[in-house]
Amino acid sequence: MYFQFVFAILVVLFLYAKNVRTLEPIYGIYRDSSKYFYLKFCAMYLLLTLRRRKTADIEELEKRHQLSENPMAADAVYFHGVSDDNCILALATAQRKNNRVNAFVILRIPEFSDQILVSPKWPDSTLIQTDSEYKDDHNYAVEGIKLTPIIPMRTWKLSYNGKLKLEKDQSQTFDVKIDAIWTTNLPHYNFDTDMHPKPIAKAMAMEPWSKEYFKNLERFHQTHYEQHGDVRGTATIDGKDYTIFTNSLRDHTVADLRDWKNFHRYAIHFLTLENGDRLTVGAICTPVLFSSFVMGFITKAKLGVNHAITDCDFKLYQHGEEEKPPTDYGFTFWAGGERYVVQALGYEKVEFYMGTEAEARLVEQYTTCTVNGVRGWGFCEWCYRHVDGLPQ
């Protein structure tokens, strides 16, 4: 009886695949159907479930990593936070070859100004390390930025000493010193070990399979983990001290090949809710791998657990495809067996460029939200492929 049931299911899937028609990609990029989707999805779901990786060593994850010989290798750490009263702090470094670092600072202290301060070279994010900064195997340091792990997955020291300028009037500069501590008691989320197999199986099943496709999956793999926490500290601006407090997301990415040219787009939300819950949710389009891959997790603060997103109806082609992020929109996702309805309202943004050829344009849009009626705040990072170099 069991064999007959399985055989009947296989026959139905075969007949469906034989007769269904694959639709043309939306905008020539986003695949929304596949002739053998269900067969491919079932195969990948089973394979990913069986091959799910075990928990990685946190001390190994947190350390600064030696770059591989690949010229596109990267070791990147990123902190970005917003408070309920619109204090903003972002510090990021991405170590590349030849003492080159993609790095930036974003700061807003409401007590100082309602305007945002940014790095001296903004909107360019390509900075150059000194030899001593490059050889420092403990800190992530470049041009006044220093990010230091203190306790793995618990505490980092964040500092900056140098000039910052007003993003909207870049002729105005200030002497700025930042001295802050990022702390958390929330769990980290490792995309290698903690992702639910459904979203990635679905994304892979949409794509045409070939030997080259699976080679690309291996070539472009990266280790990436995220963790929500809080930042407390002081910003000294032209000699006067101001208090910093933000609810802050951090991530760490180690990649043998990280090429911004591979991204067509992405939009990823990092939000804090009034009840203490945190979430990461969005979609990524890297046509060489996935035309649309939904990703993320929700951290349930009172329980101290992460729930991986299993599905999300946020579609990139419906939100800001013309390189202008929407400011009033909504979507739904599912995690931990629950349905979450997100309503987002963007109120301010800054933008800059990543890569030596400015091959990616990033828009940081600061956002208020409700999630299942619970008020929240944070930001969404929107990425667009860029081909015209830095603006003159």
# chains A, B, ... in the order shown; residues from 1 in each chain; ligands from 1
>>> closest_atom_pairs(of="stretch 136-197 of chain A", to="stretch 109-113 of chain A", cutoff="12 Å", atoms="only C-alpha atoms", output="Markdown table")
| residue | atom | partner | partner_atom | distance |
| --- | --- | --- | --- | --- |
| A:Leu166 | CA | A:Ser113 | CA | 9.8 |
| A:Glu167 | CA | A:Ser113 | CA | 11.9 |
| A:Phe174 | CA | A:Phe112 | CA | 11.6 |
| A:Val176 | CA | A:Ile109 | CA | 11.7 |
| A:Ile178 | CA | A:Ile109 | CA | 11.5 |
>>> residues_around(residues="A:His319", least_positions_apart="5", cutoff="12 Å", atoms="only C-alpha atoms", output="tab-separated table (two decimals) with all heavy atoms, in the first residue's frame")
chain	number	residue	atom	x	y	z
A	265	ARG	N	20.21	42.87	-6.95
A	265	ARG	CA	19.54	43.65	-5.93
A	265	ARG	C	19.44	42.85	-4.64
A	265	ARG	O	19.52	41.63	-4.65
A	265	ARG	CB	18.10	43.98	-6.35
A	265	ARG	CG	17.92	45.07	-7.36
A	265	ARG	CD	16.45	45.44	-7.44
A	265	ARG	NE	15.96	45.94	-6.14
A	265	ARG	CZ	14.67	46.00	-5.81
A	265	ARG	NH1	13.75	45.59	-6.66
A	265	ARG	NH2	14.32	46.46	-4.62
A	266	TYR	N	19.24	43.55	-3.54
A	266	TYR	CA	18.69	42.92	-2.35
A	266	TYR	C	18.02	43.99	-1.50
A	266	TYR	O	18.26	45.19	-1.65
A	266	TYR	CB	19.73	42.12	-1.55
A	266	TYR	CG	20.86	42.88	-0.88
A	266	TYR	CD1	20.64	43.71	0.21
A	266	TYR	CD2	22.17	42.71	-1.31
A	266	TYR	CE1	21.69	44.36	0.84
A	266	TYR	CE2	23.23	43.37	-0.69
A	266	TYR	CZ	22.97	44.19	0.39
A	266	TYR	OH	24.00	44.84	1.02
A	267	ALA	N	17.16	43.55	-0.60
A	267	ALA	CA	16.53	44.42	0.40
A	267	ALA	C	16.40	43.60	1.67
A	267	ALA	O	15.73	42.56	1.67
A	267	ALA	CB	15.17	44.91	-0.07
A	268	ILE	N	17.06	44.04	2.75
A	268	ILE	CA	17.06	43.29	4.00
A	268	ILE	C	16.71	44.24	5.14
A	268	ILE	O	17.35	45.28	5.32
A	268	ILE	CB	18.42	42.62	4.26
A	268	ILE	CG1	18.82	41.75	3.06
A	268	ILE	CG2	18.34	41.76	5.52
A	268	ILE	CD1	20.20	41.15	3.17
A	282	GLY	N	14.31	39.60	4.51
A	282	GLY	CA	14.43	40.26	3.22
A	282	GLY	C	14.59	39.27	2.09
A	282	GLY	O	14.33	38.07	2.24
A	283	ALA	N	15.02	39.79	0.95
A	283	ALA	CA	15.19	38.96	-0.24
A	283	ALA	C	16.43	39.41	-1.00
A	283	ALA	O	16.78	40.59	-1.00
A	283	ALA	CB	13.96	39.06	-1.15
A	313	ASP	N	6.51	36.56	1.54
A	313	ASP	CA	5.92	36.99	0.27
A	313	ASP	C	6.50	38.32	-0.23
A	313	ASP	O	5.96	38.93	-1.14
A	313	ASP	CB	4.40	37.07	0.37
A	313	ASP	CG	3.91	38.16	1.32
A	313	ASP	OD1	4.74	38.93	1.84
A	313	ASP	OD2	2.68	38.25	1.55
A	314	PHE	N	7.62	38.76	0.36
A	314	PHE	CA	8.30	39.98	-0.12
A	314	PHE	C	8.98	39.67	-1.45
A	314	PHE	O	9.89	38.83	-1.51
A	314	PHE	CB	9.33	40.44	0.90
A	314	PHE	CG	10.02	41.72	0.54
A	314	PHE	CD1	9.52	42.94	0.94
A	314	PHE	CD2	11.19	41.71	-0.22
A	314	PHE	CE1	10.15	44.13	0.61
A	314	PHE	CE2	11.83	42.89	-0.56
A	314	PHE	CZ	11.31	44.11	-0.15
A	324	LYS	N	14.52	53.08	-6.67
A	324	LYS	CA	14.03	54.01	-5.68
A	324	LYS	C	13.26	53.22	-4.64
A	324	LYS	O	12.13	52.78	-4.89
A	324	LYS	CB	13.13	55.07	-6.32
A	324	LYS	CG	12.67	56.14	-5.34
A	324	LYS	CD	11.81	57.19	-6.04
A	324	LYS	CE	11.37	58.27	-5.05
A	324	LYS	NZ	10.49	59.28	-5.70
A	325	PRO	N	13.83	52.99	-3.46
A	325	PRO	CA	13.15	52.18	-2.45
A	325	PRO	C	11.80	52.77	-2.07
A	325	PRO	O	11.66	54.00	-1.95
A	325	PRO	CB	14.11	52.21	-1.26
A	325	PRO	CG	15.45	52.51	-1.85
A	325	PRO	CD	15.18	53.40	-3.01
A	326	PRO	N	10.80	51.92	-1.88
A	326	PRO	CA	9.50	52.42	-1.43
A	326	PRO	C	9.58	52.90	0.01
A	326	PRO	O	10.45	52.48	0.78
A	326	PRO	CB	8.60	51.18	-1.54
A	326	PRO	CG	9.54	50.03	-1.33
A	326	PRO	CD	10.84	50.45	-1.97
A	327	THR	N	8.66	53.78	0.37
A	327	THR	CA	8.66	54.31	1.73
A	327	THR	C	7.44	53.86	2.53
A	327	THR	O	7.39	54.07	3.75
A	327	THR	CB	8.70	55.85	1.72
A	327	THR	OG1	7.59	56.35	0.97
A	327	THR	CG2	10.00	56.33	1.09
A	328	ASP	N	6.45	53.25	1.89
A	328	ASP	CA	5.24	52.81	2.58
A	328	ASP	C	4.80	51.50	1.95
A	328	ASP	O	4.29	51.49	0.84
A	328	ASP	CB	4.16	53.88	2.45
A	328	ASP	CG	2.94	53.59	3.34
A	328	ASP	OD1	2.89	52.52	3.96
A	328	ASP	OD2	2.03	54.45	3.39
A	329	TYR	N	5.01	50.38	2.63
A	329	TYR	CA	4.76	49.08	2.03
A	329	TYR	C	4.59	48.03	3.12
A	329	TYR	O	4.77	48.31	4.32
A	329	TYR	CB	5.91	48.68	1.10
A	329	TYR	CG	7.27	48.61	1.79
A	329	TYR	CD1	7.81	47.40	2.19
A	329	TYR	CD2	8.01	49.77	2.03
A	329	TYR	CE1	9.05	47.33	2.82
A	329	TYR	CE2	9.24	49.71	2.66
A	329	TYR	CZ	9.76	48.50	3.05
A	329	TYR	OH	10.97	48.43	3.69
A	330	GLY	N	4.23	46.83	2.72
A	330	GLY	CA	4.04	45.76	3.69
A	330	GLY	C	4.30	44.40	3.07
A	330	GLY	O	4.35	44.25	1.85
A	331	PHE	N	4.47	43.40	3.92
A	331	PHE	CA	4.67	42.04	3.48
A	331	PHE	C	4.43	41.10	4.66
A	331	PHE	O	4.24	41.54	5.80
A	331	PHE	CB	6.08	41.83	2.89
A	331	PHE	CG	7.20	42.14	3.85
A	331	PHE	CD1	7.77	41.14	4.63
A	331	PHE	CD2	7.70	43.43	3.96
A	331	PHE	CE1	8.81	41.41	5.51
A	331	PHE	CE2	8.74	43.73	4.85
A	331	PHE	CZ	9.29	42.71	5.62
A	344	ALA	N	5.82	48.71	6.96
A	344	ALA	CA	7.04	49.51	7.09
A	344	ALA	C	6.85	50.90	6.52
A	344	ALA	O	6.18	51.08	5.48
A	344	ALA	CB	8.20	48.81	6.38
A	382	TRP	N	18.99	48.54	1.14
A	382	TRP	CA	18.64	48.25	-0.24
A	382	TRP	C	19.91	48.31	-1.09
A	382	TRP	O	20.66	49.29	-1.02
A	382	TRP	CB	17.64	49.27	-0.78
A	382	TRP	CG	16.37	49.36	-0.01
A	382	TRP	CD1	16.16	50.00	1.18
A	382	TRP	CD2	15.11	48.76	-0.36
A	382	TRP	NE1	14.85	49.86	1.58
A	382	TRP	CE2	14.18	49.11	0.66
A	382	TRP	CE3	14.67	47.99	-1.44
A	382	TRP	CZ2	12.85	48.70	0.64
A	382	TRP	CZ3	13.35	47.58	-1.47
A	382	TRP	CH2	12.46	47.92	-0.45
>>> residues_around(residues="stretch 62-66 of chain A", least_positions_apart="3", cutoff="8 Å", atoms="only C-alpha atoms", output="PDB file with C-alpha atoms, in the first residue's frame")
ATOM      1  CA  ILE A  58      32.151  30.427  18.166  1.00  0.00           C
ATOM      2  CA  GLU A  59      35.753  31.374  18.933  1.00  0.00           C
ATOM      3  CA  ASP A  75      36.515  39.215   5.935  1.00  0.00           C
ATOM      4  CA  ASP A 137      45.374  40.170  13.636  1.00  0.00           C
ATOM      5  CA  HIS A 138      42.979  40.993  16.504  1.00  0.00           C
ATOM      6  CA  ASN A 139      41.308  44.297  15.602  1.00  0.00           C
ATOM      7  CA  TYR A 140      39.457  45.265  12.451  1.00  0.00           C
ATOM      8  CA  PRO A 149      36.028  41.371  19.796  1.00  0.00           C
ATOM      9  CA  PRO A 152      32.865  35.835  21.595  1.00  0.00           C
ATOM     10  CA  MET A 153      29.173  36.358  20.738  1.00  0.00           C
ATOM     11  CA  HIS A 252      30.372  38.776  10.207  1.00  0.00           C
ATOM     12  CA  VAL A 254      34.047  35.376   5.597  1.00  0.00           C
TER      13      VAL A 254
END
>>> residues_around(residues="stretch 364-368 of chain A", least_positions_apart="4", cutoff="7 Å", atoms="only C-alpha atoms", output="short mmCIF file (atom, residue, chain, number, x, y, z; two decimals) with C-alpha atoms, in the first residue's frame")
data_model
loop_
_atom_site.label_atom_id
_atom_site.label_comp_id
_atom_site.auth_asym_id
_atom_site.auth_seq_id
_atom_site.Cartn_x
_atom_site.Cartn_y
_atom_site.Cartn_z
CA ALA A 344 7.04 49.51 7.09
CA LEU A 345 7.37 53.27 6.73
CA GLY A 346 10.73 54.67 5.61
CA TYR A 347 11.43 58.20 6.87
CA GLU A 348 15.04 58.98 5.92
CA LYS A 349 17.88 57.49 3.90
CA VAL A 350 21.56 57.82 3.04
CA GLU A 351 23.37 56.14 0.17
CA GLY A 376 9.09 48.82 16.00
CA TRP A 377 12.00 50.70 14.41
CA GLY A 378 15.21 49.99 12.51
CA PHE A 379 16.39 50.17 8.94
CA CYS A 380 16.32 48.42 5.60
CA GLU A 381 19.44 48.08 3.46
CA TRP A 382 18.64 48.25 -0.24
#
>>> residues_around(residues="A:Phe220", least_positions_apart="4", cutoff="10 Å", atoms="only C-alpha atoms", output="ChimeraX atom specification")
/A:215-216,255-259,262,288-289
>>> select_by_dssp(residues="stretch 134-353 of chain A", states="helix (DSSP H, G or I)", output="number ranges by chain")
A: 134-135, 197-205, 211-219, 260-262, 316-318
>>> select_by_dssp(residues="stretch 28-150 of chain A", states="strand (DSSP E)", output="ChimeraX atom specification")
/A:74-82,88-95,100-108,117-118,126-128,140-142,145-150
>>> write_last_selection(atoms="N, CA, C and O atoms", output="compact mmCIF listing (two decimals), in the first residue's frame")
# COMPACT_ATOMS: atom_id res chain seq x y z
N ALA A 74 37.22 38.13 1.24
CA ALA A 74 36.79 39.17 2.15
C ALA A 74 36.58 38.63 3.56
O ALA A 74 36.22 37.46 3.74
N ASP A 75 36.84 39.48 4.54
CA ASP A 75 36.52 39.21 5.94
C ASP A 75 35.88 40.50 6.46
O ASP A 75 36.56 41.51 6.65
N ALA A 76 34.55 40.47 6.66
CA ALA A 76 33.80 41.69 6.91
C ALA A 76 33.04 41.63 8.23
O ALA A 76 32.41 40.63 8.54
N VAL A 77 33.13 42.71 9.00
CA VAL A 77 32.32 42.86 10.21
C VAL A 77 31.53 44.16 10.10
O VAL A 77 32.01 45.17 9.55
N TYR A 78 30.33 44.14 10.65
CA TYR A 78 29.36 45.21 10.40
C TYR A 78 28.49 45.41 11.63
O TYR A 78 27.96 44.44 12.19
N PHE A 79 28.37 46.65 12.08
CA PHE A 79 27.49 47.02 13.18
C PHE A 79 26.62 48.18 12.72
O PHE A 79 27.14 49.17 12.20
N HIS A 80 25.33 48.05 12.90
CA HIS A 80 24.43 49.12 12.46
C HIS A 80 23.22 49.13 13.38
O HIS A 80 22.53 48.11 13.51
N GLY A 81 22.97 50.25 14.02
CA GLY A 81 21.88 50.31 14.97
C GLY A 81 21.11 51.61 14.95
O GLY A 81 21.62 52.65 14.52
N VAL A 82 19.86 51.54 15.41
CA VAL A 82 18.96 52.68 15.50
C VAL A 82 18.23 52.58 16.83
O VAL A 82 17.92 51.48 17.29
N ILE A 88 21.50 57.02 15.68
CA ILE A 88 21.99 56.07 14.68
C ILE A 88 23.49 55.91 14.83
O ILE A 88 24.21 56.90 14.99
N LEU A 89 23.97 54.67 14.78
CA LEU A 89 25.41 54.42 14.72
C LEU A 89 25.68 53.20 13.84
O LEU A 89 25.13 52.12 14.08
N ALA A 90 26.50 53.39 12.83
CA ALA A 90 26.96 52.28 11.99
C ALA A 90 28.47 52.37 11.85
O ALA A 90 29.02 53.44 11.56
N LEU A 91 29.14 51.24 12.06
CA LEU A 91 30.58 51.11 11.85
C LEU A 91 30.80 49.79 11.13
O LEU A 91 30.30 48.75 11.57
N ALA A 92 31.53 49.82 10.03
CA ALA A 92 31.70 48.59 9.25
C ALA A 92 33.07 48.57 8.59
O ALA A 92 33.59 49.61 8.16
N THR A 93 33.65 47.38 8.52
CA THR A 93 34.88 47.17 7.76
C THR A 93 34.78 45.84 7.01
O THR A 93 34.26 44.87 7.55
N ALA A 94 35.27 45.83 5.79
CA ALA A 94 35.37 44.59 5.01
C ALA A 94 36.78 44.49 4.46
O ALA A 94 37.14 45.20 3.51
N GLN A 95 37.59 43.65 5.09
CA GLN A 95 38.99 43.48 4.69
C GLN A 95 39.07 42.84 3.32
O GLN A 95 38.49 41.78 3.07
N ARG A 100 43.32 46.96 1.22
CA ARG A 100 42.11 47.68 0.85
C ARG A 100 40.97 47.23 1.75
O ARG A 100 40.80 46.05 2.01
N VAL A 101 40.15 48.19 2.20
CA VAL A 101 39.03 47.89 3.10
C VAL A 101 37.80 48.68 2.65
O VAL A 101 37.90 49.90 2.45
N ASN A 102 36.68 48.00 2.50
CA ASN A 102 35.40 48.71 2.33
C ASN A 102 34.89 49.04 3.73
O ASN A 102 34.58 48.14 4.51
N ALA A 103 34.82 50.32 4.06
CA ALA A 103 34.48 50.70 5.43
C ALA A 103 33.74 52.04 5.43
O ALA A 103 33.88 52.86 4.52
N PHE A 104 32.96 52.26 6.51
CA PHE A 104 32.23 53.51 6.63
C PHE A 104 31.76 53.72 8.07
O PHE A 104 31.74 52.81 8.88
N VAL A 105 31.40 54.97 8.34
CA VAL A 105 30.81 55.38 9.62
C VAL A 105 29.55 56.18 9.32
O VAL A 105 29.55 57.04 8.42
N ILE A 106 28.48 55.90 10.05
CA ILE A 106 27.26 56.71 10.02
C ILE A 106 26.90 57.03 11.46
O ILE A 106 26.89 56.14 12.31
N LEU A 107 26.62 58.30 11.74
CA LEU A 107 26.31 58.70 13.12
C LEU A 107 25.24 59.78 13.12
O LEU A 107 25.33 60.76 12.36
N ARG A 108 24.24 59.59 13.95
CA ARG A 108 23.32 60.69 14.24
C ARG A 108 23.06 60.73 15.74
O ARG A 108 22.66 59.73 16.33
N LEU A 117 25.79 62.38 10.24
CA LEU A 117 27.21 62.52 9.95
C LEU A 117 27.71 61.25 9.27
O LEU A 117 27.29 60.14 9.62
N VAL A 118 28.65 61.40 8.31
CA VAL A 118 29.16 60.25 7.56
C VAL A 118 30.68 60.37 7.40
O VAL A 118 31.29 61.40 7.70
N THR A 126 35.78 52.86 -0.13
CA THR A 126 37.07 52.18 -0.26
C THR A 126 38.15 52.95 0.49
O THR A 126 38.52 54.07 0.10
N LEU A 127 38.66 52.35 1.57
CA LEU A 127 39.70 52.96 2.38
C LEU A 127 40.97 52.11 2.30
O LEU A 127 40.93 50.96 1.87
N ILE A 128 42.09 52.69 2.73
CA ILE A 128 43.38 52.01 2.66
C ILE A 128 43.98 51.91 4.06
O ILE A 128 44.11 52.91 4.78
N TYR A 140 39.81 44.87 13.81
CA TYR A 140 39.46 45.26 12.45
C TYR A 140 39.62 46.78 12.42
O TYR A 140 38.80 47.52 12.98
N ALA A 141 40.68 47.26 11.79
CA ALA A 141 41.03 48.68 11.90
C ALA A 141 41.39 49.28 10.56
O ALA A 141 42.08 48.66 9.75
N VAL A 142 40.92 50.51 10.33
CA VAL A 142 41.29 51.26 9.14
C VAL A 142 40.86 52.72 9.32
O VAL A 142 39.75 53.01 9.75
N ILE A 145 38.77 53.83 12.29
CA ILE A 145 37.78 52.86 12.74
C ILE A 145 38.50 51.69 13.40
O ILE A 145 39.50 51.20 12.88
N LYS A 146 37.99 51.24 14.54
CA LYS A 146 38.56 50.06 15.18
C LYS A 146 37.42 49.25 15.82
O LYS A 146 36.68 49.77 16.66
N LEU A 147 37.31 47.99 15.44
CA LEU A 147 36.29 47.07 15.95
C LEU A 147 37.02 45.89 16.58
O LEU A 147 37.80 45.21 15.91
N THR A 148 36.76 45.65 17.87
CA THR A 148 37.54 44.68 18.62
C THR A 148 36.64 43.68 19.34
O THR A 148 35.83 44.06 20.18
N PRO A 149 36.78 42.37 19.04
CA PRO A 149 36.03 41.37 19.80
C PRO A 149 36.59 41.23 21.20
O PRO A 149 37.80 41.12 21.38
N ILE A 150 35.71 41.24 22.21
CA ILE A 150 36.13 41.11 23.61
C ILE A 150 35.74 39.72 24.14
O ILE A 150 36.60 38.96 24.60
>>> atom_distance(atom1="atom CA of A:Ala335", atom2="atom CA of A:Tyr27")
29.2 Å
>>> closest_residue(among="A:Trp122, A:Glu322, A:Thr236, A:His221", to="A:Tyr160", atoms="only C-alpha atoms")
A:Thr236
>>> closest_atom_pairs(of="stretch 291-349 of chain A", to="stretch 228-231 of chain A", cutoff="10 Å", atoms="only C-alpha atoms", output="JSON lines")
{"residue": "A:Ile298", "atom": "CA", "partner": "A:His228", "partner_atom": "CA", "distance": 9.9}
{"residue": "A:Thr299", "atom": "CA", "partner": "A:His228", "partner_atom": "CA", "distance": 8.0}
{"residue": "A:Ala301", "atom": "CA", "partner": "A:His228", "partner_atom": "CA", "distance": 9.9}
>>> residues_around(residues="A:Phe293", least_positions_apart="3", cutoff="7 Å", atoms="only C-alpha atoms", output="list in words")
Pro199, Ile200, Ala203, Ala283, Ile284, Cys285 and Phe290 of chain A
>>> write_last_selection(atoms="N, CA, C and O atoms", output="short mmCIF file (atom, residue, chain, number, x, y, z; two decimals), in the first residue's frame")
data_model
loop_
_atom_site.label_atom_id
_atom_site.label_comp_id
_atom_site.auth_asym_id
_atom_site.auth_seq_id
_atom_site.Cartn_x
_atom_site.Cartn_y
_atom_site.Cartn_z
N PRO A 199 13.32 27.72 2.30
CA PRO A 199 13.57 28.85 1.41
C PRO A 199 14.67 28.61 0.39
O PRO A 199 14.54 29.00 -0.77
N ILE A 200 15.76 27.95 0.81
CA ILE A 200 16.85 27.74 -0.15
C ILE A 200 16.50 26.66 -1.16
O ILE A 200 16.86 26.75 -2.34
N ALA A 203 14.33 28.42 -3.68
CA ALA A 203 15.12 29.30 -4.56
C ALA A 203 15.89 28.51 -5.59
O ALA A 203 15.95 28.88 -6.77
N ALA A 283 15.02 39.79 0.95
CA ALA A 283 15.19 38.96 -0.24
C ALA A 283 16.43 39.41 -1.00
O ALA A 283 16.78 40.59 -1.00
N ILE A 284 17.08 38.44 -1.64
CA ILE A 284 18.34 38.67 -2.34
C ILE A 284 18.22 38.15 -3.77
O ILE A 284 17.69 37.05 -4.00
N CYS A 285 18.71 38.92 -4.72
CA CYS A 285 18.76 38.49 -6.12
C CYS A 285 20.22 38.50 -6.59
O CYS A 285 20.81 39.56 -6.80
N PHE A 290 20.70 32.66 -7.39
CA PHE A 290 19.27 32.69 -7.13
C PHE A 290 18.69 34.00 -7.65
O PHE A 290 19.18 35.06 -7.29
#
>>> residues_around(residues="A:Asp311", least_positions_apart="6", cutoff="9 Å", atoms="only C-alpha atoms", output="list in words")
Lys198, Pro199, Val294, Met295, Thr332, Phe333, Trp334 and Ala335 of chain A
>>> atom_distance(atom1="atom CA of A:Lys300", atom2="atom CA of A:Thr49")
23.7 Å
>>> atom_distance(atom1="atom CA of A:Thr193", atom2="atom CA of A:Ala56")
7.7 Å
